[in-house]
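For reference, the structure is listed below as structure tokens.
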Amino acid sequence: MEFNDSTMELRKDQVKELREIDRRWMTFHCEKCNTVFGDGLSVCGEVKSMGCILLLKVTKDIVIDDKKETELKGDLAQCMYSFLLCRCCRSFVGRIIHSSPTRLANCRSMFLLHKPSLCCYLLNSSSMVKATSISFELKPIGESMKEMMREFEGMYKQIIHLKKDVLDRSTIS
Ligand SMILES: [Zn+2]
């Protein structure tokens, strides 16, 4: 893959954990044509055995194939699913499971994007990386809650500071 923008670089060497990356500033792209498929806020985890990222929503540039597929063996045994295709280059980018046994209940109606078919653009570092170079396993909910609490506390302090500034200015004038 080539990029004309000199600030963009392709790094393949290391696998990063999602917690090391600010996923609010991440977008997913077609590995072949760079069409945008979604963003990091939609990520719900990873199914390592299938090499897929679970996304809640994707852009309209992912097309759900009309044909329903079934398999008797493997990870998708006893599932009914459809292939997901890139609207622009028509390449395979993943699957959506319509019905499944309980072992895959958390994947039903989610978009399972195939990691080797994706690139991720990290806005903070202006870099394009392969999705396979990132682990999308989510941290335990307790850890996420603590992080969210810290963010809310920071926002609360900012609001208090702004309120004090506004009051100070109104008493001066
Ligand atoms: Zn494409």
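All residue names refer to the structure tokens as shown: chains lettered A, B, ... in order, residues numbered from 1 in each chain, ligands numbered from 1 in order.
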| request: Name all residues at most 8 Å from region 71-83 of chain A (count only C-alpha atoms; drop same-chain ones fewer than 2 positions away) and give them as a ChimeraX atom specification. | output: /A:49-50,64-69,85,92-101
Cut-off 6 Å: closest chain A/ligand 1 atom pairs per residue, using only C-alpha atoms and all ligand atoms, as JSON lines:
```
{"residue": "A:Cys30", "atom": "CA", "partner": "ligand 1", "partner_atom_place_in_ligand_line": "1 (Zn)", "distance": 4.6}
{"residue": "A:Lys32", "atom": "CA", "partner": "ligand 1", "partner_atom_place_in_ligand_line": "1 (Zn)", "distance": 5.1}
{"residue": "A:Cys33", "atom": "CA", "partner": "ligand 1", "partner_atom_place_in_ligand_line": "1 (Zn)", "distance": 4.2}
{"residue": "A:Thr35", "atom": "CA", "partner": "ligand 1", "partner_atom_place_in_ligand_line": "1 (Zn)", "distance": 5.6}
{"residue": "A:Cys86", "atom": "CA", "partner": "ligand 1", "partner_atom_place_in_ligand_line": "1 (Zn)", "distance": 4.6}
{"residue": "A:Cys88", "atom": "CA", "partner": "ligand 1", "partner_atom_place_in_ligand_line": "1 (Zn)", "distance": 5.2}
{"residue": "A:Cys89", "atom": "CA", "partner": "ligand 1", "partner_atom_place_in_ligand_line": "1 (Zn)", "distance": 4.1}
{"residue": "A:Ser91", "atom": "CA", "partner": "ligand 1", "partner_atom_place_in_ligand_line": "1 (Zn)", "distance": 5.9}
```
Include N, CA and C atoms and write out the residues we just selected as a PDB file, in the first residue's frame.
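part-v2.pdb, written as the output of this step:
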```pdb
ATOM      1  N   CYS A  30     -10.981   0.419   4.150  1.00  0.00           N
ATOM      2  CA  CYS A  30     -10.755  -0.755   3.295  1.00  0.00           C
ATOM      3  C   CYS A  30      -9.255  -0.865   3.033  1.00  0.00           C
ATOM      4  N   LYS A  32      -7.871  -2.305   0.638  1.00  0.00           N
ATOM      5  CA  LYS A  32      -7.556  -2.211  -0.797  1.00  0.00           C
ATOM      6  C   LYS A  32      -7.750  -0.805  -1.365  1.00  0.00           C
ATOM      7  N   CYS A  33      -8.866  -0.119  -0.962  1.00  0.00           N
ATOM      8  CA  CYS A  33      -9.164   1.162  -1.628  1.00  0.00           C
ATOM      9  C   CYS A  33      -9.302   2.337  -0.654  1.00  0.00           C
ATOM     10  N   THR A  35     -11.551   3.164   1.458  1.00  0.00           N
ATOM     11  CA  THR A  35     -12.904   3.644   1.778  1.00  0.00           C
ATOM     12  C   THR A  35     -13.133   3.549   3.289  1.00  0.00           C
ATOM     13  N   CYS A  86     -17.039  -4.304   0.446  1.00  0.00           N
ATOM     14  CA  CYS A  86     -16.741  -2.878   0.261  1.00  0.00           C
ATOM     15  C   CYS A  86     -17.547  -2.386  -0.935  1.00  0.00           C
ATOM     16  N   CYS A  88     -17.081   0.171  -2.745  1.00  0.00           N
ATOM     17  CA  CYS A  88     -16.263   0.731  -3.827  1.00  0.00           C
ATOM     18  C   CYS A  88     -15.491  -0.326  -4.619  1.00  0.00           C
ATOM     19  N   CYS A  89     -14.789  -1.236  -3.931  1.00  0.00           N
ATOM     20  CA  CYS A  89     -13.963  -2.200  -4.675  1.00  0.00           C
ATOM     21  C   CYS A  89     -14.545  -3.615  -4.649  1.00  0.00           C
ATOM     22  N   SER A  91     -14.580  -5.867  -2.504  1.00  0.00           N
ATOM     23  CA  SER A  91     -13.823  -6.946  -1.853  1.00  0.00           C
ATOM     24  C   SER A  91     -14.499  -7.355  -0.538  1.00  0.00           C
TER      25      SER A  91
END
```
| request: State, in Å with one decimal place, the distance from CA of Leu138 (chain A) to CA of Asp22 (chain A). | output: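 Going from CA of Leu138 (chain A) over to CA of Asp22 (chain A) covers 12.7 Å.
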| said: I want to know what sits within 7 Å of Ser42 (chain A), based on only C-alpha atoms, with residues of the same chain fewer than 2 positions away left out; could you give that as a ChimeraX atom specification? | reply: /A:39-40,44,55-57
Could you write out that same residue set with C-alpha atoms as a short mmCIF file (atom, residue, chain, number, x, y, z; two decimals), in the first residue's frame?
```
data_model
loop_
_atom_site.label_atom_id
_atom_site.label_comp_id
_atom_site.auth_asym_id
_atom_site.auth_seq_id
_atom_site.Cartn_x
_atom_site.Cartn_y
_atom_site.Cartn_z
CA ASP A 39 -14.74 4.56 13.69
CA GLY A 40 -13.23 3.38 16.92
CA CYS A 44 -17.27 -3.76 20.88
CA LEU A 55 -18.51 -3.17 15.40
CA LEU A 56 -21.93 -1.86 16.42
CA LYS A 57 -22.32 0.28 13.32
#
```
| request: Can you work out which one of A:Ser135, A:Ser170, A:Ser109, A:Thr70 has the shortest atom-to-atom distance to Cys52 (chain A), counting only C-alpha atoms? | output: A:Ser135
| message | Could you tell me how far CA of Leu41 (chain A) sits from CA of Leu54 (chain A), in Å to one decimal place? | response |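 So the two atoms, CA of Leu54 (chain A) and CA of Leu41 (chain A), lie 11.2 Å apart.
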